[in-house]
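Asks: File follows, run.cif with mmCIF, C-alpha atoms and all ligand atoms:
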data_query
#
loop_
_atom_site.label_atom_id
_atom_site.label_comp_id
_atom_site.auth_asym_id
_atom_site.auth_seq_id
_atom_site.Cartn_x
_atom_site.Cartn_y
_atom_site.Cartn_z
CA MET F 1 -94.30 -65.27 -41.15
CA LYS F 2 -91.04 -63.38 -40.81
CA ILE F 3 -89.60 -63.40 -37.29
CA GLY F 4 -86.95 -60.77 -36.57
CA ILE F 5 -84.32 -61.44 -33.88
CA LEU F 6 -82.80 -58.20 -32.58
CA LYS F 7 -79.31 -57.70 -31.20
CA GLU F 8 -79.53 -56.54 -27.58
CA ASP F 9 -78.12 -53.19 -26.59
CA GLN F 10 -75.91 -53.31 -23.42
CA ASP F 11 -76.65 -57.00 -22.84
CA ARG F 12 -74.65 -59.98 -24.03
CA ARG F 13 -77.61 -62.34 -24.30
CA VAL F 14 -79.66 -63.12 -27.39
CA SER F 15 -83.36 -64.01 -27.35
CA LEU F 16 -83.25 -66.97 -29.77
CA THR F 17 -80.28 -69.34 -30.15
CA PRO F 18 -79.33 -71.64 -33.04
CA ASP F 19 -80.15 -74.81 -31.07
CA THR F 20 -83.70 -73.71 -30.38
CA LEU F 21 -84.32 -72.83 -34.01
CA ALA F 22 -82.87 -76.12 -35.22
CA LYS F 23 -85.12 -78.09 -32.85
CA ASN F 24 -88.26 -76.20 -33.85
CA ALA F 25 -88.25 -76.29 -37.62
CA GLN F 26 -91.98 -77.16 -37.52
CA LEU F 27 -92.82 -73.58 -36.52
CA VAL F 28 -92.95 -72.63 -40.24
CA ALA F 29 -91.25 -69.27 -40.01
CA GLN F 30 -88.57 -67.37 -41.79
CA TYR F 31 -86.00 -65.94 -39.34
CA LEU F 32 -84.28 -62.59 -39.90
CA LEU F 33 -81.26 -62.29 -37.59
CA GLU F 34 -79.67 -58.94 -36.82
CA LYS F 35 -75.98 -59.13 -37.63
CA ASP F 36 -73.91 -60.34 -34.64
CA ALA F 37 -77.03 -60.69 -32.46
CA GLY F 38 -75.69 -63.78 -30.69
CA GLN F 39 -71.98 -63.04 -31.02
CA SER F 40 -71.32 -61.98 -27.42
CA ALA F 41 -73.24 -64.98 -26.07
CA GLY F 42 -71.06 -67.32 -28.13
CA TYR F 43 -73.51 -67.84 -30.99
CA ALA F 44 -71.89 -66.49 -34.15
CA ASP F 45 -74.14 -65.72 -37.14
CA ALA F 46 -72.64 -68.75 -38.89
CA ALA F 47 -73.82 -71.06 -36.06
CA TYR F 48 -77.42 -70.32 -37.07
CA GLY F 49 -76.63 -71.88 -40.46
CA ASP F 50 -79.32 -71.59 -43.09
CA THR F 51 -82.15 -71.39 -40.52
CA VAL F 52 -81.74 -67.59 -40.66
CA SER F 53 -80.86 -64.77 -43.02
CA VAL F 54 -78.62 -62.04 -41.58
CA HIS F 55 -79.57 -58.34 -41.92
CA ASP F 56 -78.95 -54.92 -40.46
CA ARG F 57 -81.29 -53.65 -37.76
CA ALA F 58 -83.24 -51.29 -40.00
CA THR F 59 -84.17 -54.10 -42.39
CA ILE F 60 -85.45 -56.27 -39.56
CA LEU F 61 -87.48 -53.44 -38.02
CA ARG F 62 -89.00 -52.69 -41.42
CA GLU F 63 -89.66 -56.19 -42.68
CA ALA F 64 -90.40 -58.55 -39.81
CA ASP F 65 -94.00 -59.49 -38.93
CA LEU F 66 -92.98 -60.48 -35.42
CA ILE F 67 -89.95 -59.12 -33.56
CA VAL F 68 -88.36 -60.79 -30.54
CA SER F 69 -85.89 -59.34 -28.06
CA ILE F 70 -85.02 -59.51 -24.37
CA HIS F 71 -85.13 -55.75 -23.74
CA PRO F 72 -87.89 -53.85 -25.58
CA PRO F 73 -87.00 -51.95 -28.77
CA ASN F 74 -86.37 -48.24 -28.05
CA GLU F 75 -88.48 -45.33 -29.32
CA ALA F 76 -86.31 -44.80 -32.42
CA ASP F 77 -86.75 -48.50 -33.25
CA LEU F 78 -90.51 -48.34 -32.72
CA ALA F 79 -90.76 -45.48 -35.21
CA GLN F 80 -89.39 -47.76 -37.92
CA ILE F 81 -91.65 -50.75 -37.28
CA LYS F 82 -94.69 -51.15 -39.51
CA PRO F 83 -98.18 -51.06 -37.97
CA GLN F 84 -99.65 -54.36 -36.72
CA THR F 85 -96.22 -55.90 -36.20
CA VAL F 86 -96.16 -58.19 -33.16
CA LEU F 87 -93.47 -57.55 -30.54
CA VAL F 88 -92.47 -60.12 -27.94
CA SER F 89 -90.17 -58.85 -25.20
CA LEU F 90 -89.89 -58.00 -21.50
CA PHE F 91 -91.88 -54.76 -21.50
CA GLN F 92 -92.35 -54.73 -17.70
CA PRO F 93 -95.66 -52.84 -17.72
CA TYR F 94 -95.71 -52.92 -13.91
CA PHE F 95 -92.75 -50.53 -13.95
CA ASP F 96 -93.29 -48.73 -17.27
CA GLN F 97 -96.98 -48.02 -16.93
CA GLU F 98 -97.29 -46.04 -20.17
CA VAL F 99 -95.71 -48.69 -22.37
CA SER F 100 -99.01 -50.20 -23.55
CA ASP F 101 -100.34 -46.79 -24.59
CA ARG F 102 -97.14 -45.92 -26.46
CA LEU F 103 -97.28 -49.17 -28.40
CA ARG F 104 -101.01 -48.86 -29.11
CA GLN F 105 -100.51 -45.34 -30.48
CA ARG F 106 -98.19 -46.86 -33.05
CA THR F 107 -100.70 -49.68 -33.74
CA LEU F 108 -98.20 -52.27 -32.63
CA ARG F 109 -99.25 -55.47 -30.89
CA ALA F 110 -97.17 -56.56 -27.94
CA PHE F 111 -96.72 -59.53 -25.64
CA SER F 112 -94.76 -59.04 -22.46
CA LEU F 113 -92.99 -62.18 -21.28
CA ASP F 114 -92.92 -61.00 -17.67
CA MET F 115 -96.74 -61.01 -17.66
CA ILE F 116 -97.07 -64.72 -18.41
CA PRO F 117 -98.95 -66.18 -15.43
CA ARG F 118 -96.71 -68.16 -13.03
CA THR F 119 -98.76 -71.35 -13.44
CA THR F 120 -97.68 -74.95 -13.91
CA LEU F 121 -98.96 -74.83 -17.48
CA ALA F 122 -96.80 -71.81 -18.31
CA GLN F 123 -93.67 -73.04 -16.53
CA ALA F 124 -91.87 -73.87 -19.78
CA MET F 125 -92.30 -70.24 -20.92
CA ASP F 126 -91.34 -68.60 -17.63
CA VAL F 127 -88.33 -66.43 -18.48
CA LEU F 128 -88.53 -64.69 -15.09
CA SER F 129 -87.81 -67.99 -13.37
CA SER F 130 -85.02 -69.10 -15.67
CA MET F 131 -83.28 -65.73 -15.52
CA ALA F 132 -83.77 -65.44 -11.73
CA SER F 133 -82.21 -68.84 -11.33
CA VAL F 134 -79.11 -67.77 -13.27
CA SER F 135 -78.95 -64.57 -11.18
CA GLY F 136 -79.16 -66.45 -7.89
CA TYR F 137 -76.32 -68.73 -8.94
CA GLN F 138 -74.15 -65.89 -10.22
CA ALA F 139 -74.82 -63.80 -7.10
CA VAL F 140 -73.21 -66.46 -4.92
CA LEU F 141 -70.21 -66.92 -7.22
CA MET F 142 -69.72 -63.15 -7.29
CA ALA F 143 -69.92 -62.97 -3.50
CA ALA F 144 -67.39 -65.81 -3.20
CA ASN F 145 -65.05 -63.94 -5.52
CA HIS F 146 -65.22 -60.73 -3.49
CA LEU F 147 -65.11 -62.38 -0.07
CA PRO F 148 -61.62 -62.40 1.43
CA ARG F 149 -62.52 -65.67 3.14
CA TYR F 150 -63.33 -69.27 2.20
CA PHE F 151 -66.88 -70.56 1.70
CA PRO F 152 -66.26 -74.19 2.79
CA MET F 153 -64.85 -75.42 6.06
CA MET F 154 -61.14 -76.19 5.71
CA ILE F 155 -59.04 -78.29 8.00
CA THR F 156 -55.42 -77.90 7.01
CA ALA F 157 -51.97 -78.22 8.53
CA ALA F 158 -51.92 -74.43 8.65
CA GLY F 159 -55.06 -74.31 10.73
CA SER F 160 -58.82 -74.68 10.45
CA ILE F 161 -61.22 -72.37 8.68
CA ARG F 162 -64.87 -72.14 9.69
CA PRO F 163 -67.44 -72.30 6.86
CA ALA F 164 -68.85 -68.98 5.66
CA LYS F 165 -72.31 -67.95 6.85
CA VAL F 166 -74.66 -66.86 4.10
CA LEU F 167 -77.93 -65.06 4.73
CA VAL F 168 -80.46 -65.12 1.90
CA LEU F 169 -83.25 -62.55 1.94
CA GLY F 170 -86.23 -63.67 -0.14
CA ALA F 171 -86.53 -67.33 -1.06
CA GLY F 172 -88.20 -67.08 -4.47
CA VAL F 173 -86.55 -68.52 -7.56
CA ALA F 174 -83.30 -66.50 -7.26
CA GLY F 175 -83.10 -66.99 -3.51
CA LEU F 176 -83.57 -70.76 -3.72
CA GLN F 177 -80.89 -71.05 -6.39
CA ALA F 178 -78.58 -68.90 -4.23
CA ILE F 179 -79.22 -71.23 -1.28
CA ALA F 180 -78.46 -74.32 -3.36
CA THR F 181 -75.28 -72.78 -4.79
CA ALA F 182 -73.99 -71.55 -1.41
CA LYS F 183 -74.67 -74.98 0.11
CA ARG F 184 -72.76 -76.66 -2.72
CA LEU F 185 -69.81 -74.39 -1.95
CA GLY F 186 -69.94 -75.55 1.66
CA ALA F 187 -71.43 -72.49 3.37
CA MET F 188 -73.90 -72.49 6.25
CA VAL F 189 -77.08 -70.90 4.95
CA GLU F 190 -80.14 -69.31 6.51
CA ALA F 191 -82.99 -67.61 4.69
CA PHE F 192 -85.94 -65.28 5.25
CA ASP F 193 -89.21 -65.03 3.35
CA VAL F 194 -92.70 -63.80 4.04
CA ARG F 195 -94.50 -66.51 2.09
CA LYS F 196 -95.36 -69.60 4.13
CA ALA F 197 -94.68 -71.90 1.17
CA ALA F 198 -91.04 -70.82 1.19
CA LYS F 199 -90.27 -72.51 4.53
CA GLU F 200 -90.52 -76.05 3.19
CA GLU F 201 -88.56 -75.17 0.03
CA VAL F 202 -85.74 -73.59 2.04
CA GLU F 203 -85.55 -76.53 4.42
CA SER F 204 -85.57 -79.06 1.60
CA LEU F 205 -82.32 -77.45 0.39
CA GLY F 206 -80.74 -77.99 3.79
CA ALA F 207 -80.84 -74.33 4.87
CA LYS F 208 -82.39 -72.86 8.01
CA PHE F 209 -85.61 -70.88 7.59
CA VAL F 210 -85.87 -67.81 9.80
CA GLU F 211 -89.45 -67.00 10.59
CA VAL F 212 -90.64 -63.56 11.64
CA ALA F 213 -94.16 -63.96 13.01
CA GLY F 214 -97.09 -61.97 11.64
CA ALA F 215 -96.24 -61.77 7.92
CA ARG F 216 -99.07 -61.03 5.51
CA ASP F 217 -99.27 -63.91 3.02
CA ASP F 218 -101.88 -63.28 0.34
CA ALA F 219 -103.08 -66.39 -1.46
CA GLY F 220 -104.71 -64.15 -4.09
CA ALA F 221 -101.44 -62.53 -5.21
CA GLY F 222 -100.58 -65.24 -7.74
CA GLY F 223 -97.77 -66.65 -5.59
CA TYR F 224 -96.13 -63.23 -5.22
CA ALA F 225 -95.41 -61.56 -1.89
CA VAL F 226 -97.49 -58.57 -0.79
CA ASP F 227 -96.52 -55.38 1.06
CA GLN F 228 -95.92 -55.85 4.77
CA SER F 229 -96.87 -53.48 7.60
CA GLU F 230 -94.29 -50.99 8.84
CA GLU F 231 -94.36 -52.70 12.23
CA PHE F 232 -93.58 -56.11 10.66
CA LEU F 233 -90.77 -54.67 8.55
CA GLN F 234 -89.16 -53.10 11.62
CA ARG F 235 -89.21 -56.43 13.45
CA GLN F 236 -87.83 -58.12 10.36
CA GLN F 237 -85.04 -55.53 9.99
CA GLN F 238 -84.08 -56.19 13.63
CA GLU F 239 -83.98 -59.94 13.04
CA VAL F 240 -81.92 -59.42 9.85
CA GLN F 241 -79.52 -57.24 11.83
CA ASN F 242 -79.08 -59.91 14.53
CA ARG F 243 -78.05 -62.36 11.83
CA ALA F 244 -76.18 -59.96 9.54
CA THR F 245 -73.60 -59.24 12.21
CA LYS F 246 -72.69 -62.94 12.21
CA SER F 247 -72.90 -63.39 8.43
CA ASP F 248 -70.11 -63.23 5.86
CA VAL F 249 -72.41 -62.85 2.87
CA ILE F 250 -75.92 -61.53 2.32
CA ILE F 251 -77.72 -62.36 -0.93
CA ALA F 252 -80.73 -60.04 -1.13
CA THR F 253 -83.53 -61.00 -3.53
CA ALA F 254 -86.75 -59.83 -1.81
CA GLN F 255 -89.18 -58.21 -4.23
CA ILE F 256 -92.82 -57.20 -4.34
CA ARG F 257 -94.24 -57.17 -7.82
CA GLY F 258 -94.71 -53.66 -9.20
CA ARG F 259 -93.47 -52.03 -5.97
CA LYS F 260 -90.28 -50.70 -4.51
CA ALA F 261 -88.29 -53.51 -2.89
CA PRO F 262 -88.55 -53.68 0.92
CA ILE F 263 -85.56 -52.34 2.87
CA LEU F 264 -84.37 -55.23 5.01
CA VAL F 265 -80.73 -54.31 5.71
CA ARG F 266 -80.39 -50.90 7.32
CA LYS F 267 -77.18 -48.91 7.26
CA GLU F 268 -76.70 -49.47 10.99
CA SER F 269 -76.72 -53.22 10.31
CA ILE F 270 -74.02 -52.86 7.65
CA ALA F 271 -71.85 -50.89 10.06
CA GLN F 272 -71.98 -53.87 12.40
CA MET F 273 -71.05 -56.51 9.83
CA LYS F 274 -67.62 -58.13 9.81
CA PRO F 275 -65.05 -56.30 7.64
CA GLY F 276 -64.68 -57.92 4.24
CA SER F 277 -68.28 -59.18 4.21
CA VAL F 278 -70.19 -59.00 0.95
CA ILE F 279 -73.77 -58.06 0.10
CA VAL F 280 -75.13 -58.86 -3.35
CA ASP F 281 -78.39 -57.00 -3.87
CA LEU F 282 -80.42 -58.44 -6.75
CA ALA F 283 -83.30 -56.11 -5.90
CA ALA F 284 -81.11 -53.08 -6.77
CA SER F 285 -83.14 -51.94 -9.79
CA THR F 286 -86.26 -51.48 -7.65
CA GLY F 287 -84.44 -49.65 -4.86
CA GLY F 288 -82.62 -52.58 -3.24
CA ASN F 289 -83.12 -54.52 0.00
CA CYS F 290 -80.09 -52.86 1.48
CA GLU F 291 -80.30 -49.17 2.40
CA LEU F 292 -76.86 -48.34 0.95
CA THR F 293 -77.13 -50.23 -2.36
CA GLU F 294 -76.36 -48.27 -5.52
CA ASP F 295 -77.80 -49.86 -8.64
CA GLN F 296 -75.23 -51.09 -11.19
CA LYS F 297 -72.37 -50.30 -8.85
CA ILE F 298 -69.94 -52.13 -6.59
CA ILE F 299 -69.21 -49.98 -3.58
CA GLU F 300 -67.57 -50.41 -0.19
CA ARG F 301 -69.16 -49.04 2.98
CA HIS F 302 -67.91 -49.71 6.53
CA GLY F 303 -65.55 -52.32 5.04
CA VAL F 304 -68.45 -54.22 3.44
CA THR F 305 -68.60 -54.71 -0.33
CA ILE F 306 -72.10 -53.99 -1.67
CA ILE F 307 -72.89 -55.17 -5.19
CA GLY F 308 -76.08 -53.73 -6.68
CA ASN F 309 -77.10 -55.63 -9.78
CA SER F 310 -80.49 -56.91 -10.92
CA ASN F 311 -79.28 -58.20 -14.25
CA LEU F 312 -76.77 -60.86 -13.31
CA ALA F 313 -78.27 -63.27 -15.85
CA GLU F 314 -76.43 -61.19 -18.43
CA THR F 315 -73.11 -62.17 -16.86
CA MET F 316 -73.61 -65.80 -17.94
CA PRO F 317 -74.83 -65.06 -21.46
CA GLN F 318 -74.47 -68.43 -23.13
CA ASP F 319 -76.64 -70.58 -20.87
CA ALA F 320 -78.89 -67.65 -19.98
CA SER F 321 -79.60 -67.15 -23.72
CA SER F 322 -80.19 -70.83 -24.22
CA LEU F 323 -82.79 -70.96 -21.43
CA PHE F 324 -84.43 -67.70 -22.47
CA SER F 325 -84.57 -68.95 -26.03
CA ASN F 326 -86.26 -72.22 -25.08
CA ASN F 327 -88.82 -70.36 -22.96
CA LEU F 328 -89.48 -67.90 -25.76
CA MET F 329 -89.86 -70.64 -28.37
CA ASN F 330 -92.41 -72.44 -26.18
CA PHE F 331 -94.39 -69.20 -26.08
CA LEU F 332 -94.08 -68.65 -29.85
CA ARG F 333 -95.38 -72.16 -30.47
CA LEU F 334 -98.51 -71.19 -28.59
CA LEU F 335 -98.86 -67.96 -30.53
CA ILE F 336 -98.09 -69.20 -34.03
CA VAL F 337 -100.09 -72.03 -35.53
CA GLU F 338 -99.22 -73.27 -39.02
CA GLY F 339 -97.25 -70.14 -39.76
CA GLU F 340 -100.10 -67.81 -38.73
CA LEU F 341 -100.48 -65.69 -35.64
CA GLN F 342 -103.26 -67.13 -33.52
CA LEU F 343 -104.43 -64.62 -30.94
CA ASP F 344 -106.59 -66.88 -28.78
CA LEU F 345 -107.63 -64.59 -25.95
CA ASP F 346 -109.42 -67.47 -24.23
CA ASN F 347 -105.98 -68.86 -23.52
CA GLU F 348 -104.89 -67.42 -20.15
CA ILE F 349 -101.20 -67.36 -21.11
CA ILE F 350 -101.86 -65.38 -24.30
CA ALA F 351 -104.44 -63.11 -22.67
CA GLY F 352 -102.22 -62.53 -19.62
CA SER F 353 -99.21 -61.46 -21.63
CA TYR F 354 -101.04 -59.44 -24.33
CA ILE F 355 -100.47 -55.85 -23.21
CA THR F 356 -102.04 -53.98 -26.14
CA PRO F 357 -105.61 -55.33 -26.37
P1 LIG Z 1 -89.98 -62.26 -6.59
O1 LIG Z 1 -88.75 -62.05 -7.40
O2 LIG Z 1 -91.17 -61.43 -6.85
O3 LIG Z 1 -89.57 -62.07 -5.03
C1 LIG Z 1 -88.50 -62.80 -4.47
C2 LIG Z 1 -88.88 -63.29 -3.08
O4 LIG Z 1 -88.90 -62.21 -2.16
C3 LIG Z 1 -90.26 -63.93 -2.98
O5 LIG Z 1 -90.12 -65.26 -2.52
C4 LIG Z 1 -91.00 -63.06 -1.99
O6 LIG Z 1 -91.91 -63.79 -1.18
C5 LIG Z 1 -89.85 -62.51 -1.17
N1 LIG Z 1 -90.15 -61.34 -0.34
C6 LIG Z 1 -90.91 -60.23 -0.61
N2 LIG Z 1 -90.94 -59.39 0.44
C7 LIG Z 1 -90.16 -59.95 1.41
C8 LIG Z 1 -89.78 -59.56 2.72
N3 LIG Z 1 -90.22 -58.43 3.30
N4 LIG Z 1 -88.96 -60.40 3.40
C9 LIG Z 1 -88.50 -61.55 2.86
N5 LIG Z 1 -88.83 -61.97 1.64
C10 LIG Z 1 -89.65 -61.18 0.92
O7 LIG Z 1 -90.40 -63.79 -6.57
P2 LIG Z 1 -90.17 -64.90 -7.70
O8 LIG Z 1 -88.92 -65.61 -7.45
O9 LIG Z 1 -90.42 -64.29 -9.03
O10 LIG Z 1 -91.34 -65.89 -7.36
C11 LIG Z 1 -92.67 -65.39 -7.25
C12 LIG Z 1 -93.62 -66.50 -6.92
O11 LIG Z 1 -93.93 -67.25 -8.06
C13 LIG Z 1 -93.08 -67.49 -5.91
O12 LIG Z 1 -94.15 -67.84 -5.09
C14 LIG Z 1 -92.68 -68.66 -6.73
O13 LIG Z 1 -92.68 -69.87 -6.00
C15 LIG Z 1 -93.78 -68.61 -7.75
N6 LIG Z 1 -93.40 -69.31 -8.98
C16 LIG Z 1 -94.26 -70.23 -9.49
C17 LIG Z 1 -93.94 -70.88 -10.65
C18 LIG Z 1 -94.85 -71.90 -11.23
O14 LIG Z 1 -95.65 -72.50 -10.57
N7 LIG Z 1 -94.75 -72.12 -12.52
C19 LIG Z 1 -92.77 -70.58 -11.32
C20 LIG Z 1 -91.92 -69.63 -10.76
C21 LIG Z 1 -92.27 -68.98 -9.61
#
Output the file's structure as structure tokens, nothing else.
Ligand code: NAD
Replies:
Amino acid sequence: MKIGILKEDQDRRVSLTPDTLAKNAQLVAQYLLEKDAGQSAGYADAAYGDTVSVHDRATILREADLIVSIHPPNEADLAQIKPQTVLVSLFQPYFDQEVSDRLRQRTLRAFSLDMIPRTTLAQAMDVLSSMASVSGYQAVLMAANHLPRYFPMMITAAGSIRPAKVLVLGAGVAGLQAIATAKRLGAMVEAFDVRKAAKEEVESLGAKFVEVAGARDDAGAGGYAVDQSEEFLQRQQQEVQNRATKSDVIIATAQIRGRKAPILVRKESIAQMKPGSVIVDLAASTGGNCELTEDQKIIERHGVTIIGNSNLAETMPQDASSLFSNNLMNFLRLLIVEGELQLDLDNEIIAGSYITP
């Protein structure tokens, strides 16, 4: 089996790293690496040693039996891939609803890593969690860099500084990592979520959980949050506003799978924040939790810096690639047995992520 590793476009990460390949020689595969695929993550072609052969993109698209990438190949790429080739990537079918049809029309077979069920068994393959964790960490560091104030409490001969107050909206994987990082930097942290399970997790990290009564928490949603009523959201927005005015930093991570992100920070709330405060909105690509967020932009409104970025994992490409690569390899080991593709649709991880049945 020939496995092609594509170079990402507009992203410094790479989907498979030299370490992962070296540790998994038993997979019985021949790796075709696109030239410079890992270069910007710090993995030069030479670091892959003789575990790979290096080629141009066209050769990989034409010759590989299975192609891996973080972002899906584009339409021009797809046109060059031979029928029946297996693609493993983040196709995001919840947002690109025609993607399965487009791939099927080209008789390609595809597995979408974001569709792997969020179960204990699949934890080692969960790229959403590992990338969200990097994003949560980076969001806090970015906020600290933009904030014209300290995070920790400082008692100095020149006077005392109060610790920064950080408000985290959404305590999923990214939110929890943001809480842990902000705490490590010495900030006072409070967090909101609509899932009951989040309360204990937030408190175990030493942050305060802010509860807004009456949230819909659906046990059948696979651990994901569900849409809330308009009335609940209004009460929540009010509660966020009460706290935002006292906060120095807001890290916004609230998402609802396959939907537009809920607006939790209204523009009136931003106008009342302290000058110099920072909002990092990780939900930017699905509309943002903050009414004024502009995706992929850093803007200033009412003296508040608003950073809209849902792809912060890319800003720490070396470790992010390493984690992604380990997750991906764990998935490939399920899919490939003795050098052959094994499409066991009784396996819930394979069936859940197979988007072109
Ligand atoms: P996500 O990115 O979909 O959403 C981020 C957070 O936003 C979630 O915690 C969600 O509850 C919250 N949210 C949504 N609407 C909100 C609102 N109006 N106000 C405040 N918060 C709101 O979530 P995620 O980080 O991908 O995690 C999804 C779920 O999967 C979580 O329950 C997580 O614990 C679970 N999970 C399980 C495993 C596992 O068992 N292997 C691994 C990872 C994640």
Asks: Given only C-alpha atoms as the basis, pick out the residue of F:Glu338, F:Asp218, F:Leu328, F:Lys274 nearest to F:Ile5.
Replies: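 Result for the nearest residue to F:Ile5: F:Leu328.
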Asks: May I ask which of the residues F:Lys165, F:Lys208, F:Arg216, F:Arg235 is the closest one to F:Arg195, counting all atoms listed in the file?
Replies: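 Among F:Lys165, F:Lys208, F:Arg216, F:Arg235, it is F:Arg216 that comes nearest to F:Arg195.
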Asks: For atom CA of F:Gly206 and atom CA of F:Ile161, quote the distance in Å rounded to one decimal.
Replies: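 Taking atom CA of F:Gly206 and atom CA of F:Ile161, their separation equals 20.9 Å.
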Asks: Enumerate as a PyMOL selection string the residues within 7 Å of ligand LIG 1 (chain Z), counting only C-alpha atoms and all ligand atoms.
Replies: chain F and resi 118-120+122-123+126+128-129+132+169-175+192-195+198+222-228+233+253-257+262+264
Asks: Near stretch 30-34 of chain F, counting only C-alpha atoms, which residues have an atom at most 8 Å away, once you skip same-chain residues fewer than 5 positions from it, shown as a PyMOL selection string?
Replies: chain F and resi 1-7+45+51-57+60+64
Asks: Residues within 7 Å of (-91.3, -62.0, 13.6), file coordinates, counting all atoms listed in the file: what are they? Give the list as a CSV table (one decimal) with C-alpha atoms, in the coordinates of the input.
Replies:
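Saved as part22.csv:
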chain,number,residue,atom,x,y,z
F,211,GLU,CA,-89.4,-67.0,10.6
F,212,VAL,CA,-90.6,-63.6,11.6
F,213,ALA,CA,-94.2,-64.0,13.0
F,214,GLY,CA,-97.1,-62.0,11.6
F,232,PHE,CA,-93.6,-56.1,10.7
F,235,ARG,CA,-89.2,-56.4,13.4
F,236,GLN,CA,-87.8,-58.1,10.4
Asks: Using all atoms listed in the file, which of the listed residues (F:Thr315, F:Asp217, F:Leu147, F:Val168) sits closest to F:Gly303?
Replies: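 Comparing F:Thr315, F:Asp217, F:Leu147, F:Val168 against F:Gly303, the winner is F:Leu147.
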Asks: As JSON, what would the box around stretch 158-165 of chain F look like: edges along x, y and z, 6 Å added on every side, centre and edge lengths in Å to one decimal?
Replies:
{"center_x": -62.1, "center_y": -71.3, "center_z": 8.2, "size_x": 32.4, "size_y": 18.7, "size_z": 17.1}
Asks: Just the number, please: distance in Å from atom CA of F:Ile306 to atom CA of F:Thr293, one decimal.
Replies: 6.3 Å
Asks: Which residue is closest to F:Pro357? Choose from F:Arg109, F:Arg102, F:Arg12, F:Arg333 and count all atoms listed in the file.
Replies: F:Arg109
Asks: Could you tell me how far atom CA of F:Ala144 sits from atom CA of F:Ala261, in Å to one decimal place?
Replies: 24.3 Å
Asks: Taking all atoms listed in the file into account, which of F:Gln272, F:Thr107, F:Ser100, F:Asn347 comes nearest F:His302?
Replies: F:Gln272
Asks: Excluding F:Ala44 and any residue of its chain fewer than 5 positions from it, enumerate the residues within 10 Å of it, using all atoms listed in the file, and give them as a list of chain:residue names.
Replies: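 Returned residues: F:Thr17, F:Pro18, F:Lys35, F:Asp36, F:Ala37, F:Gly38, F:Gln39, F:Gly49.
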